[in-house]
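Structure data (compact mmCIF, C-alpha atoms) from final11.txt:
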```txt
# COMPACT_ATOMS: atom_id res chain seq x y z
CA MET U 1304 23.13 1.85 -4.53
CA TYR U 1305 26.50 0.18 -5.02
CA LYS U 1306 30.00 1.22 -5.93
CA VAL U 1307 31.14 -2.02 -7.54
CA ASP U 1308 33.31 -3.67 -10.11
CA ASP U 1309 30.59 -3.85 -12.79
CA GLU U 1310 32.37 -6.64 -14.69
CA ASN U 1311 32.59 -8.95 -11.70
CA ARG U 1312 29.70 -8.39 -9.31
CA ASP U 1313 27.46 -11.01 -7.72
CA ILE U 1314 24.78 -11.08 -5.05
CA ILE U 1315 24.11 -14.26 -3.11
CA ARG U 1316 20.74 -14.50 -1.36
CA ILE U 1317 20.00 -17.01 1.39
CA VAL U 1318 16.86 -17.54 3.49
CA LEU U 1319 17.18 -19.42 6.79
CA ASP U 1320 14.41 -20.58 9.10
CA LYS U 1321 14.63 -20.10 12.86
CA LYS U 1322 16.57 -23.38 13.15
CA TYR U 1323 19.11 -22.05 10.61
CA ASN U 1324 18.03 -24.48 7.89
CA ILE U 1325 18.38 -23.17 4.33
CA LYS U 1326 14.90 -22.63 2.90
CA TYR U 1327 15.98 -20.73 -0.21
CA THR U 1328 19.16 -19.71 -1.97
CA ASN U 1329 19.99 -18.56 -5.48
CA VAL U 1330 23.18 -20.68 -5.43
CA ASP U 1331 23.98 -24.30 -4.69
CA ASN U 1332 23.23 -25.28 -1.07
CA LYS U 1333 26.84 -26.32 -0.47
CA ILE U 1334 28.07 -22.95 -1.68
CA ALA U 1335 25.50 -21.18 0.51
CA THR U 1336 26.57 -23.25 3.54
CA SER U 1337 30.23 -22.40 2.95
CA TYR U 1338 29.40 -18.68 2.82
CA ILE U 1339 27.36 -18.92 6.03
CA GLU U 1340 30.38 -20.42 7.79
CA LYS U 1341 33.01 -18.24 6.11
CA LEU U 1342 31.15 -14.98 6.77
CA LYS U 1343 30.24 -15.83 10.38
CA VAL U 1344 26.57 -15.28 9.64
CA LEU U 1345 25.26 -17.34 12.58
CA TYR U 1346 27.26 -15.24 15.03
CA LYS U 1347 25.74 -12.05 13.63
CA ILE U 1348 22.16 -13.37 13.71
CA SER U 1349 22.31 -13.34 17.51
CA GLU U 1350 22.74 -9.56 17.40
CA GLU U 1351 19.92 -7.04 17.08
CA LEU U 1352 18.66 -7.09 13.51
CA PRO U 1353 18.99 -5.71 10.93
CA VAL U 1354 22.79 -5.85 10.80
CA HIS U 1355 25.25 -4.90 8.09
CA TYR U 1356 28.97 -5.62 8.08
CA ASP U 1357 31.92 -5.95 5.72
CA LEU U 1358 34.38 -8.84 5.49
CA GLU U 1359 37.26 -8.85 3.00
CA ASP U 1360 35.63 -8.46 -0.43
CA CYS U 1361 32.05 -9.02 0.71
CA SER U 1362 29.32 -6.87 2.19
CA ILE U 1363 26.73 -8.77 4.22
CA SER U 1364 23.29 -7.70 5.42
CA ILE U 1365 20.95 -9.77 7.59
CA ASP U 1366 17.35 -9.00 8.44
CA GLU U 1367 14.17 -10.76 9.52
CA VAL U 1368 11.44 -11.09 6.89
CA ASN U 1369 7.86 -12.33 7.00
CA ILE U 1370 7.15 -15.13 4.53
CA HIS U 1371 3.62 -16.46 4.59
CA GLY U 1372 3.17 -15.64 8.25
CA SER U 1373 6.48 -17.09 9.47
CA ILE U 1374 9.65 -15.17 10.33
CA TYR U 1375 12.87 -16.07 8.47
CA TYR U 1376 16.39 -14.66 8.23
CA TRP U 1377 17.19 -13.05 4.88
CA ILE U 1378 20.91 -12.83 4.11
CA ASN U 1379 22.33 -10.81 1.20
CA VAL U 1380 26.00 -11.18 0.31
CA VAL U 1381 27.39 -8.65 -2.17
CA ILE U 1382 30.67 -9.81 -3.70
CA LYS U 1383 33.43 -7.85 -5.46
CA PHE U 1384 32.58 -4.36 -4.29
CA LEU U 1385 34.15 -1.25 -2.90
CA LYS U 1386 31.26 -0.29 -0.70
CA CYS U 1387 27.60 -1.27 -0.34
CA ILE U 1388 25.43 1.51 1.08
CA ASN U 1389 21.92 0.12 1.27
CA CYS U 1390 22.21 -3.68 1.30
CA ASN U 1391 19.78 -4.02 4.20
CA LYS U 1392 17.16 -2.13 2.20
CA LEU U 1393 17.02 -4.37 -0.85
CA LEU U 1394 13.53 -5.59 0.05
CA THR U 1395 12.18 -2.39 1.57
CA ASP U 1396 10.36 0.49 -0.12
CA ALA U 1397 12.12 3.75 0.72
CA VAL U 1398 8.98 5.94 0.78
CA THR U 1399 6.74 3.79 2.98
CA GLY U 1400 9.04 1.49 4.93
CA LEU U 1401 6.92 -1.48 3.76
CA TYR U 1402 8.22 -4.43 1.78
CA ASN U 1403 8.67 -3.67 -1.90
CA ARG U 1404 7.58 -5.37 -5.12
CA ASP U 1405 10.87 -7.24 -5.42
CA TYR U 1406 10.11 -8.93 -2.10
CA TRP U 1407 6.63 -9.87 -3.30
CA GLU U 1408 7.83 -11.30 -6.61
CA ARG U 1409 10.45 -13.41 -4.88
CA ILE U 1410 7.89 -14.84 -2.46
CA ILE U 1411 5.11 -15.71 -4.90
CA ASN U 1412 7.56 -17.18 -7.41
CA ASN U 1413 9.38 -19.28 -4.81
CA LYS U 1414 8.30 -22.90 -5.08
CA ASN U 1415 9.42 -23.58 -1.51
CA PHE U 1416 6.60 -21.35 -0.22
CA ASP U 1417 3.09 -22.17 -1.42
CA PHE U 1418 0.29 -19.72 -0.70
CA VAL U 1419 -2.28 -22.46 -1.33
CA ASP U 1420 -1.28 -24.15 1.94
CA LYS U 1421 -2.01 -20.98 3.92
CA ASN U 1422 -5.29 -19.50 5.10
CA PHE U 1423 -5.24 -15.79 4.38
CA THR U 1424 -7.17 -12.75 3.23
CA LEU U 1425 -5.58 -10.40 0.72
CA ILE U 1426 -6.31 -6.68 0.51
CA ILE U 1427 -5.44 -4.52 -2.50
CA MET U 1428 -5.74 -0.76 -2.11
CA ASP U 1429 -4.82 2.39 -3.94
CA ILE U 1430 -5.13 6.12 -3.35
CA ASP U 1431 -8.07 7.92 -4.95
CA ASP U 1432 -7.23 10.81 -7.29
CA LEU U 1433 -3.49 10.87 -6.50
CA LYS U 1434 -2.83 12.63 -9.83
CA GLN U 1435 -5.14 15.45 -8.78
CA LEU U 1436 -3.30 15.75 -5.47
CA ASN U 1437 0.02 15.89 -7.35
CA ASP U 1438 -1.33 18.56 -9.71
CA ILE U 1439 -2.60 20.75 -6.85
CA TYR U 1440 0.13 20.32 -4.23
CA GLY U 1441 3.09 18.93 -6.16
CA HIS U 1442 4.72 15.50 -6.30
CA LEU U 1443 6.44 15.90 -2.94
CA MET U 1444 3.03 16.04 -1.30
CA GLY U 1445 1.97 13.08 -3.44
CA ASP U 1446 4.89 11.12 -2.02
CA LYS U 1447 3.85 12.29 1.44
CA ALA U 1448 0.38 10.82 0.82
CA ILE U 1449 1.92 7.51 -0.25
CA GLY U 1450 4.11 7.55 2.85
CA ILE U 1451 1.10 8.23 5.09
CA VAL U 1452 -0.78 5.24 3.67
CA GLY U 1453 2.30 3.05 4.16
CA GLN U 1454 2.73 4.17 7.78
CA SER U 1455 -0.96 3.56 8.43
CA ILE U 1456 -0.73 0.02 7.07
CA LYS U 1457 2.28 -0.74 9.30
CA LYS U 1458 0.43 0.50 12.36
CA ALA U 1459 -2.77 -1.40 11.59
CA ILE U 1460 -1.44 -4.91 10.86
CA ARG U 1461 0.27 -7.57 12.96
CA LYS U 1462 3.93 -8.50 12.74
CA ASP U 1463 2.94 -11.86 11.24
CA ASP U 1464 1.06 -10.18 8.37
CA ILE U 1465 2.56 -8.73 5.20
CA GLY U 1466 2.25 -5.12 4.07
CA LEU U 1467 3.93 -3.97 0.88
CA ARG U 1468 3.94 -1.22 -1.70
CA TYR U 1469 3.34 -2.99 -4.98
CA GLY U 1470 4.10 0.09 -7.05
CA GLY U 1471 2.97 3.69 -7.51
CA ASP U 1472 0.03 4.23 -5.19
CA GLU U 1473 -0.96 0.54 -5.05
CA PHE U 1474 -0.55 -1.52 -1.88
CA ILE U 1475 -1.05 -5.18 -0.93
CA VAL U 1476 -1.77 -6.49 2.56
CA VAL U 1477 -1.87 -10.20 3.42
CA LEU U 1478 -3.58 -11.18 6.68
CA PHE U 1479 -2.77 -14.75 7.67
CA ASN U 1480 -5.43 -16.91 9.35
CA GLN U 1481 -7.94 -14.05 9.14
CA ASP U 1482 -11.27 -13.94 7.32
CA LYS U 1483 -12.95 -11.07 5.48
CA GLU U 1484 -14.77 -9.87 8.59
CA VAL U 1485 -11.46 -9.26 10.33
CA ALA U 1486 -10.02 -7.77 7.14
CA TYR U 1487 -12.70 -5.07 7.06
CA LYS U 1488 -11.88 -4.18 10.67
CA VAL U 1489 -8.22 -3.84 9.69
CA ILE U 1490 -9.26 -1.64 6.77
CA GLU U 1491 -11.16 0.64 9.14
CA ARG U 1492 -8.06 0.91 11.34
CA ILE U 1493 -5.97 1.79 8.27
CA LYS U 1494 -8.47 4.46 7.22
CA SER U 1495 -8.54 5.89 10.76
CA GLU U 1496 -4.73 6.08 10.85
CA ILE U 1497 -4.68 7.74 7.41
CA LYS U 1498 -7.21 10.36 8.51
CA GLU U 1499 -5.24 11.18 11.66
CA LEU U 1500 -1.86 11.42 9.90
CA ALA U 1501 -3.24 13.31 6.88
CA ALA U 1502 -4.84 15.94 9.13
CA LYS U 1503 -1.36 17.05 10.23
CA TYR U 1504 -0.70 18.16 6.63
CA SER U 1505 -4.23 19.47 5.96
CA LEU U 1506 -4.73 16.66 3.45
CA SER U 1507 -7.75 14.53 2.67
CA ILE U 1508 -6.58 11.09 1.56
CA GLN U 1509 -9.15 8.54 0.42
CA ILE U 1510 -8.41 4.95 -0.58
CA SER U 1511 -10.24 2.29 -2.58
CA ILE U 1512 -10.17 -1.30 -1.39
CA GLY U 1513 -10.46 -4.80 -2.85
CA VAL U 1514 -10.65 -7.88 -0.61
CA ALA U 1515 -10.48 -11.64 -1.29
CA SER U 1516 -9.80 -14.76 0.76
CA ASN U 1517 -8.14 -17.90 -0.58
CA THR U 1518 -11.12 -20.13 0.27
CA SER U 1519 -11.80 -22.45 -2.70
CA MET U 1520 -9.23 -20.65 -4.86
CA LYS U 1521 -6.47 -22.61 -6.54
CA SER U 1522 -3.67 -20.05 -6.63
CA ILE U 1523 -2.46 -16.72 -5.33
CA GLU U 1524 -3.10 -15.33 -8.83
CA ASP U 1525 -6.81 -16.18 -8.45
CA VAL U 1526 -6.96 -14.39 -5.11
CA ILE U 1527 -5.26 -11.30 -6.52
CA LYS U 1528 -7.60 -11.28 -9.51
CA LYS U 1529 -10.66 -11.50 -7.24
CA ALA U 1530 -9.39 -8.68 -4.99
CA ASP U 1531 -8.58 -6.58 -8.06
CA ILE U 1532 -12.13 -7.01 -9.38
CA ASP U 1533 -13.45 -5.99 -5.96
CA LEU U 1534 -11.20 -2.91 -6.00
CA TYR U 1535 -12.46 -1.72 -9.37
CA LYS U 1536 -16.08 -2.27 -8.37
CA GLU U 1537 -15.52 0.21 -5.53
CA LYS U 1538 -13.68 2.67 -7.79
CA ASN U 1539 -16.46 2.50 -10.39
CA ALA U 1540 -19.10 3.02 -7.69
CA LYS U 1541 -17.24 6.11 -6.46
CA LYS U 1542 -16.95 7.38 -10.03
CA GLN U 1543 -20.70 6.95 -10.51
CA ILE U 1544 -21.43 8.87 -7.29
CA ARG U 1545 -19.15 11.71 -8.43
CA MET U 1546 -20.91 11.87 -11.78
CA GLU U 1547 -24.34 11.94 -10.10
CA LYS U 1548 -23.15 14.60 -7.68
CA ASP U 1549 -21.77 16.78 -10.49
CA ASP U 1550 -24.98 16.36 -12.49
CA PHE U 1551 -27.07 17.23 -9.43
CA LYS U 1552 -24.97 20.31 -8.74
CA ILE U 1553 -25.34 21.56 -12.32
CA LYS U 1554 -29.11 21.06 -12.38
CA VAL U 1555 -29.75 22.66 -8.99
CA SER U 1556 -27.44 25.59 -9.72
CA LYS U 1557 -29.24 26.18 -13.00
CA LEU U 1558 -32.63 26.11 -11.27
CA ILE U 1559 -31.44 28.56 -8.59
CA LYS U 1560 -30.22 30.97 -11.28
CA GLU U 1561 -33.57 30.77 -13.06
CA LEU U 1562 -35.47 31.45 -9.84
CA ASN U 1563 -33.17 34.34 -8.93
CA LYS U 1564 -33.70 35.82 -12.39
CA ILE U 1565 -37.48 35.68 -11.86
CA VAL U 1566 -37.11 37.51 -8.56
CA ILE U 1567 -34.84 40.20 -10.07
CA ASP U 1568 -37.15 40.74 -13.04
CA GLN U 1569 -40.18 41.30 -10.81
CA ASN U 1570 -41.10 44.63 -9.28
CA LYS U 1571 -39.30 44.84 -5.92
CA MET U 1572 -42.61 45.67 -4.24
CA ASN U 1573 -44.27 42.55 -5.63
CA ILE U 1574 -41.63 39.84 -5.08
CA ASP U 1575 -43.23 36.41 -4.91
CA GLU U 1576 -42.30 35.20 -1.41
CA GLU U 1577 -42.96 31.62 -2.44
CA VAL U 1578 -40.37 31.86 -5.20
CA ILE U 1579 -37.83 33.25 -2.73
CA GLU U 1580 -38.54 30.41 -0.30
CA ILE U 1581 -38.08 27.79 -3.04
CA SER U 1582 -34.76 29.35 -4.02
CA ARG U 1583 -33.59 29.31 -0.39
CA LYS U 1584 -34.56 25.69 0.13
CA LEU U 1585 -32.88 24.62 -3.10
CA GLY U 1586 -29.69 26.30 -1.94
CA GLU U 1587 -29.84 24.45 1.39
CA LEU U 1588 -30.56 21.15 -0.37
CA ASN U 1589 -27.63 21.67 -2.70
CA ILE U 1590 -25.21 22.32 0.17
CA ARG U 1591 -26.51 19.44 2.29
CA TYR U 1592 -26.33 16.95 -0.59
CA LEU U 1593 -22.77 17.88 -1.49
CA ASN U 1594 -21.61 17.68 2.12
CA GLU U 1595 -23.07 14.20 2.50
CA GLN U 1596 -21.21 12.72 -0.49
```
Could I get this structure in the form of structure tokens?
Amino acid sequence: MYKVDDENRDIIRIVLDKKYNIKYTNVDNKIATSYIEKLKVLYKISEELPVHYDLEDCSISIDEVNIHGSIYYWINVVIKFLKCINCNKLLTDAVTGLYNRDYWERIINNKNFDFVDKNFTLIIMDIDDLKQLNDIYGHLMGDKAIGIVGQSIKKAIRKDDIGLRYGGDEFIVVLFNQDKEVAYKVIERIKSEIKELAAKYSLSIQISIGVASNTSMKSIEDVIKKADIDLYKEKNAKKQIRMEKDDFKIKVSKLIKELNKIVIDQNKMNIDEEVIEISRKLGELNIRYLNEQ
């Protein structure tokens, strides 16, 4: 990402609220204030964001970020460099365009922002059988599936909500001031968007979902744990359905073969019409059952 002097590189991070008050910085507040003035940050904030510019031996990027339902200015200052290429993408996942895990870790570990004080519903989701998709179509198509889910999340949530790719094929969505009933409506919108976008690539992308609200929970970790349990309940239920479907298919196929063998072994002039009818109906039942799963 950077061409830098590896022995003398530093990155200063500053978060400002809409009144330009410092809400977070990884350096002393006085140092952060001096950089804001020296680098003419407040002049650049008035421009269309995100912005990226170079001054002397610094590269500065400014963007708006959503932190617990409120919009803040996130400033990154890269010091002692030759050129910074992607400074404005430090918190963004390249495949999906959503926030990345680094963004999430910074937020939940920041004592200035407490999830307990917010009303929210958290959604965890991942893509079903992504490995199988990779094996059949290749990893490029697997990345396409991840990108489609990310795009669908962006389209389905509000600007005040948070959507991020936590890692691999796992995503987190935080809906502020929304209950589970609204969350399930958002999930349906996400699924609808996925279906529409996936159809353009002749893909079938299914996701599993876990949902939890912070009502009566003491920490964000508790909410995540509850949503994670919910997610694996759905995945286990799907796994059980697949096992039942496979077992059903094997049993019915075996029965059809046995019936067909009876028909073949009989004299062609004396074929039991009832046996033929049973075989036909079993075939129809097999197809209908599989299509409904």
Exercise for the section: Could you tell me which of U:Ser1455, U:Ser1522, U:Asn1517, U:Asn1324 comes closest to U:Ile1497 if we count only C-alpha atoms? Expected result: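 Counting only C-alpha atoms, the residue closest to U:Ile1497 is U:Ser1455.
Atom CA of U:Pro1353 to atom CA of U:Gly1466 spans 18.1 Å [interatomic distance, one decimal].
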Problem - Nearby residues (all atoms listed in the file) at most 9 Å from U:Met1428, same-chain spacing under 4 positions excluded, as number ranges by chain - result: U: 1472-1476, 1510-1514, 1531, 1534
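Nearest to U:Asp1464 of all the residues U:Ile1314, U:Val1452, U:Ala1530, U:Leu1478 is U:Leu1478, counting only C-alpha atoms.
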Problem - Test item: residues at most 9 Å from U:Lys1483, only C-alpha atoms, excluding those fewer than 4 positions along its chain, as a PyMOL selection string - result: chain U and resi 1424-1425+1487-1488+1514-1516
Problem - One-decimal distance in Å that lies between atom CA of U:Gly1400 and atom CA of U:Gln1509 - result: 20.0 Å
Practice task
Compile the contact shell of U:Asn1480 as a list in words: residues with an atom at most 9 Å away, counting all atoms listed in the file, same-chain residues fewer than 6 positions apart removed.
Solution key: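 So the residues in contact are Gly1372, Lys1421, Asn1422, Phe1423 and Thr1424 of chain U.
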Handout entry: Two-atom distance - atom CA of U:Gln1454, atom CA of U:Thr1399 (Å)
Key =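 Atom CA of U:Thr1399 lies 6.3 Å from atom CA of U:Gln1454.
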Problem - Top pick for closest residue to U:Ala1335, considering U:Asn1379, U:Thr1518, U:Gln1481, U:Gln1435 and counting all atoms listed in the file - result: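 Of U:Asn1379, U:Thr1518, U:Gln1481, U:Gln1435, the one nearest U:Ala1335, counting all atoms listed in the file, is U:Asn1379.
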Practice task
Counting only C-alpha atoms, note down every residue that has an atom within 12 Å of the point (-1.1, 12.1, -2.0) (file coordinates), as a ChimeraX atom specification.
Solution key: /U:1429-1453,1471-1473,1497,1500-1501,1504-1510
Practice task
For each of U:Lys1541, U:Lys1322, U:Arg1316, U:Lys1529, take the minimum atom-to-atom distance to U:Tyr1338, counting only C-alpha atoms, then give the residue where this is smallest.
Solution key: U:Arg1316
